[in-house]
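A.B. asks: Hey, dropping work_1.cif in here, mmCIF, C-alpha atoms:
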```cif
data_data
loop_
_atom_site.label_atom_id
_atom_site.label_comp_id
_atom_site.auth_asym_id
_atom_site.auth_seq_id
_atom_site.Cartn_x
_atom_site.Cartn_y
_atom_site.Cartn_z
CA MET A 244 0.35 -147.25 -31.50
CA LEU A 245 -2.84 -149.09 -32.33
CA THR A 246 -3.46 -152.53 -30.88
CA VAL A 247 -6.40 -154.78 -31.59
CA GLN A 248 -6.85 -157.94 -29.56
CA ASN A 249 -9.29 -160.75 -30.29
CA LEU A 250 -11.81 -158.33 -31.71
CA THR A 251 -15.18 -159.76 -32.72
CA CYS A 252 -17.53 -157.45 -34.54
CA ALA A 253 -21.04 -157.80 -35.90
CA ARG A 254 -23.12 -156.24 -38.63
CA GLY A 255 -26.85 -156.02 -37.98
CA GLY A 256 -26.55 -158.40 -35.02
CA VAL A 257 -24.75 -161.10 -37.05
CA PRO A 258 -21.06 -161.63 -36.19
CA VAL A 259 -18.96 -161.19 -39.33
CA LEU A 260 -15.39 -161.19 -38.03
CA ALA A 261 -14.02 -163.06 -35.02
CA ASP A 262 -10.75 -162.90 -33.10
CA VAL A 263 -9.06 -160.25 -35.21
CA SER A 264 -5.71 -159.25 -33.68
CA PHE A 265 -3.06 -156.92 -35.02
CA ALA A 266 -0.89 -154.01 -34.00
CA VAL A 267 0.23 -150.96 -35.97
CA GLU A 268 3.22 -148.91 -34.86
CA ALA A 269 3.23 -145.11 -35.05
CA GLY A 270 4.14 -143.97 -38.54
CA ARG A 271 2.90 -147.17 -40.15
CA THR A 272 -0.04 -148.18 -42.29
CA LEU A 273 -2.05 -151.38 -42.40
CA ILE A 274 -3.95 -152.32 -45.55
CA LEU A 275 -7.05 -154.46 -45.06
CA ARG A 276 -7.83 -156.87 -47.86
CA GLY A 277 -10.65 -159.29 -48.42
CA PRO A 278 -13.57 -159.98 -50.72
CA ASN A 279 -16.74 -157.87 -50.65
CA GLY A 280 -18.88 -158.51 -47.60
CA ILE A 281 -16.08 -159.95 -45.48
CA GLY A 282 -16.51 -157.13 -42.97
CA LYS A 283 -13.90 -154.48 -43.78
CA THR A 284 -16.34 -151.61 -43.26
CA THR A 285 -17.74 -153.22 -40.10
CA LEU A 286 -14.23 -153.64 -38.71
CA LEU A 287 -13.33 -150.02 -39.46
CA ARG A 288 -16.55 -148.68 -37.94
CA THR A 289 -15.97 -150.78 -34.84
CA LEU A 290 -12.39 -149.55 -34.56
CA ALA A 291 -13.57 -145.96 -34.91
CA GLY A 292 -16.10 -146.49 -32.13
CA LEU A 293 -19.20 -146.01 -34.27
CA GLN A 294 -20.49 -149.40 -33.22
CA PRO A 295 -19.69 -151.51 -30.17
CA ALA A 296 -17.55 -154.63 -30.46
CA ILE A 297 -19.00 -157.93 -29.33
CA GLY A 298 -15.72 -158.90 -27.76
CA GLY A 299 -12.06 -158.05 -27.69
CA GLU A 300 -10.17 -154.84 -27.14
CA VAL A 301 -9.07 -151.89 -29.23
CA THR A 302 -6.51 -149.46 -27.83
CA PHE A 303 -5.16 -146.29 -29.36
CA PRO A 304 -4.49 -142.81 -27.94
CA GLU A 305 -7.74 -141.31 -26.73
CA ASP A 306 -9.49 -138.77 -28.97
CA GLU A 307 -7.11 -139.44 -31.83
CA GLY A 308 -9.28 -141.62 -34.05
CA ALA A 309 -10.95 -140.39 -37.23
CA TYR A 310 -13.17 -142.24 -39.64
CA ALA A 311 -13.72 -141.65 -43.34
CA SER A 312 -16.02 -143.67 -45.53
CA HIS A 313 -17.78 -143.61 -48.89
CA ALA A 314 -19.89 -140.71 -47.60
CA ASP A 315 -17.73 -137.61 -47.34
CA GLY A 316 -20.05 -135.48 -45.25
CA ILE A 317 -19.88 -132.65 -47.78
CA LYS A 318 -22.60 -130.03 -47.63
CA THR A 319 -23.76 -129.19 -51.14
CA ALA A 320 -24.82 -125.66 -50.20
CA LEU A 321 -21.45 -124.72 -48.68
CA THR A 322 -18.30 -123.84 -50.58
CA VAL A 323 -15.17 -125.97 -50.47
CA THR A 324 -13.53 -123.55 -48.05
CA GLU A 325 -16.60 -123.42 -45.80
CA ASN A 326 -16.82 -127.20 -45.72
CA LEU A 327 -13.20 -127.53 -44.65
CA SER A 328 -13.23 -124.69 -42.13
CA PHE A 329 -16.28 -126.21 -40.48
CA TRP A 330 -14.41 -129.42 -39.73
CA ALA A 331 -11.35 -127.45 -38.67
CA ASP A 332 -13.50 -125.44 -36.22
CA VAL A 333 -15.22 -128.52 -34.83
CA HIS A 334 -11.84 -130.07 -34.14
CA GLY A 335 -10.48 -126.79 -32.81
CA ALA A 336 -7.66 -126.71 -35.34
CA PRO A 337 -6.70 -123.92 -37.76
CA LEU A 338 -6.82 -124.58 -41.51
CA PRO A 339 -3.27 -125.73 -42.34
CA ASP A 340 -1.37 -123.76 -44.97
CA GLY A 341 -1.29 -125.40 -48.35
CA ILE A 342 -4.06 -127.88 -47.63
CA PHE A 343 -5.88 -126.77 -50.81
CA GLU A 344 -2.75 -127.27 -52.90
CA THR A 345 -2.00 -130.67 -51.34
CA PHE A 346 -5.31 -132.04 -52.52
CA ASP A 347 -5.43 -130.00 -55.73
CA LEU A 348 -8.41 -127.93 -54.55
CA ALA A 349 -6.90 -124.46 -54.93
CA ASP A 350 -8.97 -123.59 -58.00
CA LEU A 351 -12.15 -124.91 -56.39
CA ARG A 352 -12.05 -122.94 -53.13
CA ASP A 353 -15.18 -120.91 -53.81
CA ARG A 354 -17.15 -123.57 -55.64
CA LEU A 355 -20.25 -124.95 -53.92
CA GLY A 356 -19.96 -128.55 -52.73
CA GLY A 357 -22.92 -129.52 -54.88
CA THR A 358 -21.20 -128.48 -58.10
CA LEU A 359 -18.13 -130.69 -57.59
CA SER A 360 -17.57 -133.90 -59.52
CA ALA A 361 -17.44 -137.21 -57.68
CA GLY A 362 -13.65 -137.23 -57.71
CA GLN A 363 -13.41 -133.63 -56.56
CA LYS A 364 -15.82 -134.39 -53.69
CA ARG A 365 -13.64 -137.32 -52.73
CA ARG A 366 -10.56 -135.09 -52.69
CA LEU A 367 -12.42 -132.63 -50.47
CA GLY A 368 -13.46 -135.49 -48.19
CA LEU A 369 -9.84 -136.62 -47.92
CA ALA A 370 -8.64 -133.05 -47.36
CA ARG A 371 -10.80 -133.10 -44.21
CA LEU A 372 -8.38 -135.68 -42.81
CA GLY A 373 -5.56 -133.23 -43.31
CA VAL A 374 -7.49 -130.53 -41.46
CA ILE A 375 -8.69 -132.30 -38.33
CA GLY A 376 -5.21 -133.29 -37.13
CA ARG A 377 -6.14 -136.73 -35.86
CA LYS A 378 -3.38 -139.32 -35.61
CA VAL A 379 -5.21 -142.61 -36.12
CA LEU A 380 -7.14 -142.80 -39.38
CA PHE A 381 -9.64 -145.49 -40.30
CA LEU A 382 -10.20 -145.19 -44.03
CA ASP A 383 -12.82 -147.12 -45.92
CA GLU A 384 -12.07 -147.21 -49.66
CA PRO A 385 -10.44 -143.75 -49.68
CA THR A 386 -9.64 -143.86 -53.39
CA VAL A 387 -13.09 -144.62 -54.81
CA SER A 388 -13.74 -142.42 -57.88
CA LEU A 389 -10.25 -140.90 -57.77
CA ASP A 390 -8.11 -140.84 -60.93
CA GLY A 391 -4.52 -142.05 -60.93
CA PHE A 392 -3.10 -138.58 -60.34
CA SER A 393 -5.33 -137.98 -57.32
CA VAL A 394 -4.55 -141.39 -55.86
CA LYS A 395 -0.89 -140.39 -56.01
CA LEU A 396 -1.69 -137.02 -54.38
CA PHE A 397 -3.42 -138.84 -51.55
CA ALA A 398 -0.68 -141.45 -51.14
CA ASP A 399 1.93 -138.66 -51.06
CA TRP A 400 0.02 -136.78 -48.39
CA LEU A 401 -0.39 -139.95 -46.34
CA GLN A 402 3.30 -140.80 -46.61
CA ASN A 403 4.88 -137.37 -46.31
CA ALA A 404 2.51 -135.52 -43.99
CA HIS A 405 0.52 -138.01 -41.96
CA LEU A 406 2.81 -141.00 -41.44
CA ALA A 407 5.95 -138.88 -41.29
CA ALA A 408 4.41 -137.05 -38.31
CA GLY A 409 3.88 -140.31 -36.46
CA GLY A 410 0.35 -140.96 -37.66
CA ILE A 411 -1.30 -144.33 -38.13
CA ALA A 412 -3.65 -145.41 -40.90
CA VAL A 413 -5.79 -148.50 -41.33
CA ILE A 414 -7.05 -148.60 -44.90
CA ALA A 415 -9.51 -150.91 -46.58
CA THR A 416 -8.86 -150.79 -50.29
CA HIS A 417 -8.85 -152.92 -53.42
CA ILE A 418 -6.20 -151.00 -55.31
CA ASP A 419 -2.47 -150.57 -54.89
CA LEU A 420 -1.74 -147.26 -53.20
CA GLY A 421 1.99 -147.58 -53.80
CA LEU A 422 2.67 -147.53 -50.07
CA ASP A 423 5.21 -149.74 -48.40
CA ALA A 424 2.73 -151.27 -45.98
CA PRO A 425 1.85 -154.70 -44.63
CA GLU A 426 -1.42 -156.21 -45.74
CA LEU A 427 -3.91 -158.07 -43.61
CA ASP A 428 -6.23 -160.50 -45.36
CA LEU A 429 -9.46 -160.72 -43.37
CA THR A 430 -10.69 -163.98 -44.95
CA PRO A 431 -9.26 -166.25 -42.17
CA PHE A 432 -11.11 -164.24 -39.52
CA LYS A 433 -14.55 -164.80 -40.99
CA ALA A 434 -16.91 -165.59 -38.11
CA ALA A 435 -18.41 -169.08 -38.01
CA ASP A 436 -22.06 -169.19 -39.03
CA ASP A 437 -23.14 -170.37 -35.60
CA ALA A 438 -21.11 -167.79 -33.70
CA GLY A 439 -23.28 -166.35 -30.96
CA GLY A 440 -23.11 -163.12 -29.07
CA GLY A 441 -24.69 -160.85 -31.62
CA SER A 442 -27.69 -160.08 -29.50
CA ASP A 443 -29.46 -156.77 -29.61
CA GLU A 444 -28.12 -155.79 -26.23
CA ALA A 445 -29.18 -152.20 -26.79
CA PHE A 446 -32.78 -153.22 -26.22
CA LEU A 447 -32.25 -155.35 -23.14
CA MET B 264 -20.41 -126.08 -30.95
CA ILE B 265 -20.62 -122.57 -32.29
CA ALA B 266 -19.17 -123.83 -35.58
CA LEU B 267 -22.00 -126.35 -35.86
CA LEU B 268 -24.61 -123.73 -35.01
CA LEU B 269 -23.24 -121.32 -37.61
CA ARG B 270 -23.07 -124.07 -40.22
CA ASP B 271 -26.67 -125.14 -39.60
CA LEU B 272 -27.91 -121.56 -39.75
CA ARG B 273 -25.95 -120.95 -42.94
CA LEU B 274 -27.34 -124.12 -44.50
CA ALA B 275 -30.86 -123.12 -43.53
CA ILE B 276 -30.54 -119.73 -45.18
CA ARG B 277 -28.88 -120.98 -48.40
CA ALA B 278 -30.92 -122.25 -51.32
CA GLY B 279 -32.97 -125.33 -50.49
CA GLY B 280 -32.42 -124.89 -46.78
CA GLY B 281 -36.09 -124.47 -46.00
CA PHE B 282 -35.75 -121.28 -43.99
CA GLY B 283 -39.07 -119.44 -44.05
CA LEU B 284 -41.04 -122.52 -45.10
CA GLY B 285 -42.40 -122.99 -41.61
CA LEU B 286 -43.18 -119.31 -41.38
CA ALA B 287 -45.06 -119.33 -44.69
CA PHE B 288 -46.98 -122.41 -43.59
CA PHE B 289 -47.91 -120.71 -40.32
CA LEU B 290 -49.14 -117.68 -42.24
CA ILE B 291 -51.28 -119.73 -44.60
CA VAL B 292 -52.88 -121.88 -41.90
CA VAL B 293 -53.82 -118.84 -39.85
CA VAL B 294 -55.17 -117.02 -42.89
CA LEU B 295 -57.23 -120.05 -43.89
CA VAL B 296 -59.03 -120.30 -40.55
CA PRO B 297 -61.22 -117.17 -41.01
CA PHE B 298 -62.24 -118.49 -44.44
CA GLY B 299 -63.36 -121.74 -42.85
CA VAL B 300 -64.98 -120.30 -39.75
CA GLY B 301 -66.63 -117.31 -41.40
CA PRO B 302 -66.40 -113.60 -40.67
CA GLU B 303 -67.50 -113.78 -37.07
CA THR B 304 -65.10 -111.55 -35.20
CA GLU B 305 -66.26 -112.61 -31.79
CA LEU B 306 -65.87 -116.33 -32.44
CA LEU B 307 -62.48 -115.78 -34.10
CA SER B 308 -61.23 -113.70 -31.24
CA ARG B 309 -62.25 -116.46 -28.82
CA ILE B 310 -60.49 -119.26 -30.70
CA ALA B 311 -57.48 -117.16 -31.75
CA PRO B 312 -55.11 -118.34 -28.96
CA GLY B 313 -55.75 -121.97 -29.79
CA ILE B 314 -55.45 -121.43 -33.55
CA LEU B 315 -52.18 -119.54 -33.23
CA TRP B 316 -50.68 -122.19 -30.98
CA VAL B 317 -51.82 -125.17 -33.06
CA ALA B 318 -50.59 -123.48 -36.22
CA SER B 319 -47.15 -122.73 -34.78
CA LEU B 320 -46.92 -126.31 -33.55
CA LEU B 321 -47.63 -127.66 -37.04
CA ALA B 322 -45.21 -125.18 -38.58
CA ALA B 323 -42.46 -126.28 -36.20
CA LEU B 324 -43.21 -129.90 -37.09
CA LEU B 325 -42.72 -129.24 -40.79
CA SER B 326 -38.95 -128.89 -40.74
CA LEU B 327 -38.15 -131.43 -38.02
CA ASP B 328 -37.17 -134.31 -40.27
CA ARG B 329 -34.39 -132.24 -41.80
CA ILE B 330 -32.60 -131.84 -38.48
CA PHE B 331 -30.64 -135.10 -38.69
CA ALA B 332 -31.76 -136.74 -41.95
CA LEU B 333 -29.53 -134.65 -44.23
CA ASP B 334 -26.48 -135.09 -42.00
CA TYR B 335 -27.18 -138.80 -41.82
CA GLU B 336 -27.45 -139.20 -45.59
CA ASP B 337 -24.24 -137.40 -46.49
CA GLY B 338 -22.28 -139.06 -43.72
CA SER B 339 -21.51 -135.99 -41.63
CA LEU B 340 -23.43 -137.39 -38.66
CA ALA B 341 -20.97 -140.30 -38.40
CA LEU B 342 -18.09 -137.84 -38.74
CA LEU B 343 -19.61 -135.61 -36.04
CA ALA B 344 -19.98 -138.64 -33.79
CA THR B 345 -16.23 -139.30 -34.02
CA SER B 346 -15.33 -135.60 -33.58
CA PRO B 347 -14.43 -134.00 -30.24
CA LEU B 348 -17.89 -132.46 -30.08
CA PRO B 349 -20.03 -134.57 -27.72
CA LEU B 350 -23.21 -135.82 -29.41
CA GLU B 351 -25.22 -134.41 -26.50
CA GLY B 352 -23.88 -130.97 -27.34
CA ALA B 353 -24.53 -131.51 -31.04
CA ALA B 354 -28.14 -132.47 -30.23
CA MET B 355 -28.65 -129.30 -28.21
CA VAL B 356 -27.07 -127.13 -30.90
CA LYS B 357 -29.27 -128.74 -33.55
CA ALA B 358 -32.36 -127.96 -31.48
CA LEU B 359 -31.18 -124.40 -30.98
CA ALA B 360 -30.56 -123.94 -34.71
CA HIS B 361 -34.03 -125.32 -35.43
CA TRP B 362 -35.53 -122.87 -32.96
CA ILE B 363 -33.68 -119.89 -34.45
CA THR B 364 -34.82 -120.78 -37.96
CA THR B 365 -38.39 -121.78 -37.03
CA GLY B 366 -39.54 -120.94 -33.52
CA LEU B 367 -38.11 -117.45 -33.35
CA PRO B 368 -39.60 -116.22 -36.67
CA LEU B 369 -42.95 -117.78 -35.70
CA THR B 370 -42.89 -115.96 -32.38
CA LEU B 371 -42.11 -112.64 -34.01
CA ALA B 372 -44.75 -113.08 -36.72
CA ALA B 373 -47.50 -114.26 -34.38
CA PRO B 374 -48.70 -110.82 -33.18
CA ALA B 375 -49.31 -109.71 -36.78
CA LEU B 376 -51.38 -112.81 -37.38
CA GLY B 377 -53.17 -112.33 -34.06
CA PHE B 378 -54.45 -109.11 -35.58
CA LEU B 379 -55.95 -111.09 -38.49
CA LEU B 380 -57.85 -113.24 -35.99
CA SER B 381 -58.91 -110.17 -33.98
CA LEU B 382 -57.13 -111.39 -30.87
CA ALA B 383 -58.00 -109.38 -27.77
CA PRO B 384 -55.50 -106.48 -27.39
CA GLU B 385 -54.56 -107.51 -23.85
CA ALA B 386 -53.35 -110.91 -25.10
CA TYR B 387 -50.59 -109.79 -27.49
CA ALA B 388 -47.90 -109.56 -24.85
CA TYR B 389 -48.78 -112.99 -23.50
CA LEU B 390 -48.88 -114.46 -27.00
CA LEU B 391 -45.35 -113.23 -27.60
CA VAL B 392 -44.10 -114.38 -24.20
CA SER B 393 -45.77 -117.78 -24.31
CA LEU B 394 -44.42 -118.55 -27.79
CA MET B 395 -40.99 -117.31 -26.79
CA ILE B 396 -40.96 -119.66 -23.80
CA GLY B 397 -42.77 -122.56 -25.42
CA THR B 398 -41.30 -122.92 -28.91
CA PRO B 399 -37.81 -123.96 -27.67
CA ALA B 400 -39.46 -127.00 -26.09
CA LEU B 401 -41.09 -127.80 -29.44
CA SER B 402 -37.66 -127.73 -31.11
CA MET B 403 -35.96 -129.85 -28.45
CA ILE B 404 -38.70 -132.49 -28.31
CA GLY B 405 -38.77 -132.50 -32.10
CA THR B 406 -35.00 -133.01 -32.25
CA PHE B 407 -35.42 -136.08 -30.09
CA GLY B 408 -38.13 -137.36 -32.43
CA ALA B 409 -35.91 -136.64 -35.44
CA ALA B 410 -33.12 -138.69 -33.86
CA LEU B 411 -35.52 -141.60 -33.30
CA THR B 412 -36.47 -141.72 -36.97
CA VAL B 413 -33.13 -140.76 -38.49
CA GLY B 414 -32.31 -143.99 -40.27
CA LEU B 415 -35.79 -144.56 -41.68
CA ARG B 416 -36.78 -143.81 -45.23
CA ARG B 417 -39.79 -141.51 -45.26
CA GLY B 418 -39.76 -141.33 -41.49
CA GLY B 419 -41.55 -137.97 -41.63
CA LEU B 420 -45.03 -139.29 -40.92
CA LEU B 421 -43.84 -141.54 -38.12
CA LEU B 422 -41.98 -138.56 -36.72
CA SER B 423 -45.20 -136.52 -36.64
CA LEU B 424 -47.05 -139.34 -34.91
CA LEU B 425 -44.30 -139.68 -32.30
CA VAL B 426 -43.80 -136.02 -31.65
CA LEU B 427 -47.31 -134.53 -31.71
CA PRO B 428 -48.52 -136.28 -28.53
CA LEU B 429 -45.38 -135.03 -26.77
CA TYR B 430 -46.33 -131.50 -27.80
CA VAL B 431 -49.67 -131.67 -25.96
CA PRO B 432 -48.54 -130.23 -22.59
CA THR B 433 -46.79 -127.29 -24.26
CA LEU B 434 -49.88 -126.65 -26.37
CA ILE B 435 -52.25 -126.77 -23.40
CA PHE B 436 -50.25 -124.38 -21.25
CA GLY B 437 -49.35 -122.11 -24.17
CA ALA B 438 -52.88 -121.62 -25.40
CA GLU B 439 -54.13 -121.37 -21.81
CA ALA B 440 -51.68 -118.58 -21.02
CA VAL B 441 -52.84 -116.55 -24.03
CA ARG B 442 -56.53 -117.24 -23.29
CA ARG B 443 -56.17 -116.13 -19.71
CA GLY B 444 -54.31 -113.08 -20.90
CA ALA B 445 -57.12 -112.26 -23.31
CA GLU B 446 -59.70 -112.56 -20.53
CA GLY B 447 -57.71 -110.39 -18.17
CA LEU B 448 -56.84 -113.25 -15.80
CA ASP B 449 -53.40 -113.99 -14.41
CA PRO B 450 -51.50 -116.31 -16.80
CA THR B 451 -48.40 -116.71 -14.62
CA GLY B 452 -49.17 -120.28 -13.60
CA ALA B 453 -49.48 -121.56 -17.16
CA LEU B 454 -46.36 -119.67 -18.23
CA MET B 455 -44.37 -121.09 -15.31
CA LEU B 456 -45.42 -124.65 -16.10
CA MET B 457 -44.51 -124.14 -19.76
CA ALA B 458 -41.12 -122.72 -18.80
CA GLY B 459 -40.68 -125.84 -16.67
CA ILE B 460 -41.38 -128.07 -19.67
CA THR B 461 -38.87 -126.14 -21.77
CA ALA B 462 -36.18 -126.23 -19.10
CA GLY B 463 -36.81 -129.90 -18.42
CA SER B 464 -36.65 -130.89 -22.06
CA PHE B 465 -33.38 -129.00 -22.59
CA ALA B 466 -31.93 -130.61 -19.47
CA LEU B 467 -32.87 -134.21 -20.29
CA LEU B 468 -33.54 -134.68 -23.98
CA PRO B 469 -30.02 -133.95 -25.33
CA PHE B 470 -28.86 -137.08 -23.50
CA ALA B 471 -31.74 -139.17 -24.81
CA THR B 472 -31.17 -137.79 -28.30
CA ALA B 473 -27.47 -138.64 -28.24
CA ALA B 474 -28.18 -142.17 -26.98
CA VAL B 475 -30.70 -142.74 -29.75
CA LEU B 476 -28.31 -141.34 -32.38
CA ARG B 477 -25.56 -143.71 -31.24
CA ILE B 478 -27.90 -146.66 -31.70
CA ASN B 479 -29.11 -145.44 -35.08
CA LEU B 480 -25.56 -144.87 -36.33
CA ARG B 481 -24.53 -148.50 -35.83
#
```
Have the structure of the file written as structure tokens, please.
C.D. replies:
Amino acid sequence: MLTVQNLTCARGGVPVLADVSFAVEAGRTLILRGPNGIGKTTLLRTLAGLQPAIGGEVTFPEDEGAYASHADGIKTALTVTENLSFWADVHGAPLPDGIFETFDLADLRDRLGGTLSAGQKRRLGLARLGVIGRKVLFLDEPTVSLDGFSVKLFADWLQNAHLAAGGIAVIATHIDLGLDAPELDLTPFKAADDAGGGSDEAFL
Amino acid sequence: MIALLLRDLRLAIRAGGGFGLGLAFFLIVVVLVPFGVGPETELLSRIAPGILWVASLLAALLSLDRIFALDYEDGSLALLATSPLPLEGAAMVKALAHWITTGLPLTLAAPALGFLLSLAPEAYAYLLVSLMIGTPALSMIGTFGAALTVGLRRGGLLLSLLVLPLYVPTLIFGAEAVRRGAEGLDPTGALMLMAGITAGSFALLPFATAAVLRINLR
């Protein structure tokens, strides 16, 4: 279970979202909506712990969060298999059977990361989520540069493997993933222009 | 942590990884010195410890900005930060990988280059030992500097300016140990102090590096 209470987060010292509250049950997904620049990425990075919140509380099972963004963290000089096994090793998990098939990477196993197309890289980046075995996923535009077929592959994996096993996903996206999930529009939470608190406390 | 070490070593060896660049640079700098100074064996042999140490310092500097910059650009640094691996551990592993790909080859190649500079025969053992003890400190301090400049475009020059002054103590004691060895004096004191710098930097700097990375990742 993921609960967020009165969360206020800032980008570059300027508060962008204020008093965001929601809860996601195990096995459920929440879709974040909102125009560009509203703070979807900032919210996800704050939830994942990559940047501190100005105020409010985020609770989910410890060491279960994982973040995925536009940058997939793929090493161009490593093969697809090497890229995936690295993340599996870091998380102390074995490579699950069939992970290559799930994300349609079976034919690409021995290809170098640098020779993949943008969509193939994206699929590899998403396959990482299937390898690391984390329960609470914070996904920032997971379907960028994916074709319709791959979007369906990803949605199927999310539904049948991740959520079915009690996982949670918070996804910022502009397209319809075909999931039965509630949507949260972030526009009402936009921080007031004069909202304070965004000081550079790291330097004090 | 071993997975990260193996990945970094593998990346360094693969095409475009820059393995051997530092070594080649070291070789060229040391070979250039006799051309500049002239064929005076006695003078060369006197300045050899200093030349070898300064050259290995510059060679170690050359590959520092790659330590975190590549991981930052492709997003894997953010993914590592949210992985079970503590950033302090990642920082230490990164420094270790940098040492294995730069410091260790430099150390092993140095005696051959000492021959080019007609280093006194008694000094070879101390050259090897002092580089072996001192170069890990160069990698660890450099990793800290790399973390400081990780988000900056073209942070390489700033990195050099930040890191080179921090290299001064290692350089002084390193070159001093070899010089004393060459003159038949006891270099233990200099070696001990240098070992202290290395141990101290490995004990403290991973924490500083991780703190700086967390700020730069925001």
A.B. asks: Point out the residue among A:Lys283, A:His313, A:Arg371, A:Arg377 with the least atom-to-atom distance to Leu427 of chain A, counting all atoms listed in the file.
C.D. replies: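 Looking at the shortest contact to Leu427 of chain A, the residue is A:Lys283.
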A.B. asks: Please report the interatomic distance between atom CA of Ala354 of chain B and atom CA of Asn479 of chain B in Å with one decimal.
C.D. replies: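 That distance, rounded to one decimal, is 13.9 Å.
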A.B. asks: Distance limit 9 Å, atoms considered: all atoms listed in the file. Which chain A residues sit that close to chain B? Return them as a PyMOL selection string.
C.D. replies: chain A and resi 254-255+288-289+291-295+306+308-318+320-321+325-326+328-330+332-335+375+445
A.B. asks: Hey, what's within 12 Å of Thr412 of chain B if we count all atoms listed in the file and toss same-chain stuff fewer than 6 positions away? As a PyMOL selection string, please?
C.D. replies: chain B and resi 327-332+335+405-406+418-426+472+475-476+478-480
A.B. asks: Neighbours of Leu420 of chain A within 10 Å (all atoms listed in the file; same-chain residues fewer than 3 positions away dropped), as a ChimeraX atom specification?
C.D. replies: /A:274,386,391,394-395,397-399,414,416-417,423-424
A.B. asks: I need the residues from that last selection saved to file as a compact mmCIF listing (two decimals), in the coordinates of the input (with C-alpha atoms), if you can.
C.D. replies:
```
# COMPACT_ATOMS: atom_id res chain seq x y z
CA ILE A 274 -3.95 -152.32 -45.55
CA THR A 386 -9.64 -143.86 -53.39
CA GLY A 391 -4.52 -142.05 -60.93
CA VAL A 394 -4.55 -141.39 -55.86
CA LYS A 395 -0.89 -140.39 -56.01
CA PHE A 397 -3.42 -138.84 -51.55
CA ALA A 398 -0.68 -141.45 -51.14
CA ASP A 399 1.93 -138.66 -51.06
CA ILE A 414 -7.05 -148.60 -44.90
CA THR A 416 -8.86 -150.79 -50.29
CA HIS A 417 -8.85 -152.92 -53.42
CA ASP A 423 5.21 -149.74 -48.40
CA ALA A 424 2.73 -151.27 -45.98
```
A.B. asks: Between A:Pro431, A:Asp347, A:Ala370, A:Asp390, which residue has the minimum interatomic distance to Ser264 of chain A, considering only C-alpha atoms?
C.D. replies: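 Nearest to Ser264 of chain A: A:Pro431.
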A.B. asks: With all atoms listed in the file counted, which protein, DNA or RNA residues have an atom no more than 6 Å from (-48.6, -117.3, -24.0) in the file frame? Please answer as a PyMOL selection string.
C.D. replies: chain B and resi 389-390+392-394+437+440-441
A.B. asks: So which residues touch Phe432 of chain A within 7 Å, counting all atoms listed in the file, skipping near sequence neighbours fewer than 4 positions away, as a list of chain:residue names?
C.D. replies: A:Leu260, A:Ala261, A:Asp262, A:Val263
A.B. asks: Go ahead and write the selection's residues with C-alpha atoms as a PDB file, keeping the file's coordinate frame.
C.D. replies:
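Once written, part.pdb looks like this:
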```pdb
ATOM      1  CA  LEU A 260     -15.390-161.190 -38.030  1.00  0.00           C
ATOM      2  CA  ALA A 261     -14.020-163.060 -35.020  1.00  0.00           C
ATOM      3  CA  ASP A 262     -10.750-162.900 -33.100  1.00  0.00           C
ATOM      4  CA  VAL A 263      -9.060-160.250 -35.210  1.00  0.00           C
TER       5      VAL A 263
END
```
A.B. asks: Using all atoms listed in the file, which residues sit within 6 Å of segment 364-378 of chain B once same-chain residues fewer than 3 positions away are excluded, as a list in words?
C.D. replies: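 My list of contacting residues is Leu286, His361, Ser381, Leu382, Leu394 and Thr398 of chain B.
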A.B. asks: Quick one: residues within 9 Å of Phe303 of chain A, all atoms listed in the file counted, chain neighbours fewer than 2 positions away excluded, as a short mmCIF file (atom, residue, chain, number, x, y, z; two decimals) with C-alpha atoms, in the coordinates of the input?
C.D. replies:
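The resulting around_20.cif:
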```
data_model
loop_
_atom_site.label_atom_id
_atom_site.label_comp_id
_atom_site.auth_asym_id
_atom_site.auth_seq_id
_atom_site.Cartn_x
_atom_site.Cartn_y
_atom_site.Cartn_z
CA MET A 244 0.35 -147.25 -31.50
CA LEU A 245 -2.84 -149.09 -32.33
CA THR A 246 -3.46 -152.53 -30.88
CA VAL A 247 -6.40 -154.78 -31.59
CA VAL A 301 -9.07 -151.89 -29.23
CA GLU A 305 -7.74 -141.31 -26.73
CA ASP A 306 -9.49 -138.77 -28.97
CA GLU A 307 -7.11 -139.44 -31.83
CA GLY A 308 -9.28 -141.62 -34.05
CA VAL A 379 -5.21 -142.61 -36.12
#
```
A.B. asks: Using the chain letters and numbers from this file, what does the PyMOL selection byres ((chain B and resi 401) around 10) select? Give the answer as JSON, numbers by chain.
C.D. replies: {"B": [319, 320, 323, 324, 327, 358, 361, 362, 366, 394, 396, 397, 398, 399, 400, 402, 403, 404, 405, 406, 426, 427, 429, 430, 433, 434, 460, 461, 464]}
A.B. asks: Rounded to one decimal in Å, what is the spacing between atom CA of Leu382 of chain A and atom CA of Arg416 of chain B?
C.D. replies: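 Calculated distance between atom CA of Leu382 of chain A and atom CA of Arg416 of chain B is 26.6 Å.
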A.B. asks: Please determine, counting only C-alpha atoms, which residue among B:Pro428, B:Gly352, B:Gly459, B:Gly301 has the shortest atom-to-atom distance to Leu380 of chain B.
C.D. replies: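 For Leu380 of chain B, the nearest of the candidates is B:Gly301.
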A.B. asks: Just how far from atom CA of Ile297 of chain A is atom CA of Thr430 of chain A, in Å to one decimal?
C.D. replies: 18.7 Å
A.B. asks: When distances are computed from only C-alpha atoms, which of A:Ala415, A:Leu367, A:Ala435, A:Ala266 shows the smallest separation from Thr284 of chain A?
C.D. replies: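 Counting only C-alpha atoms, the residue closest to Thr284 of chain A is A:Ala415.
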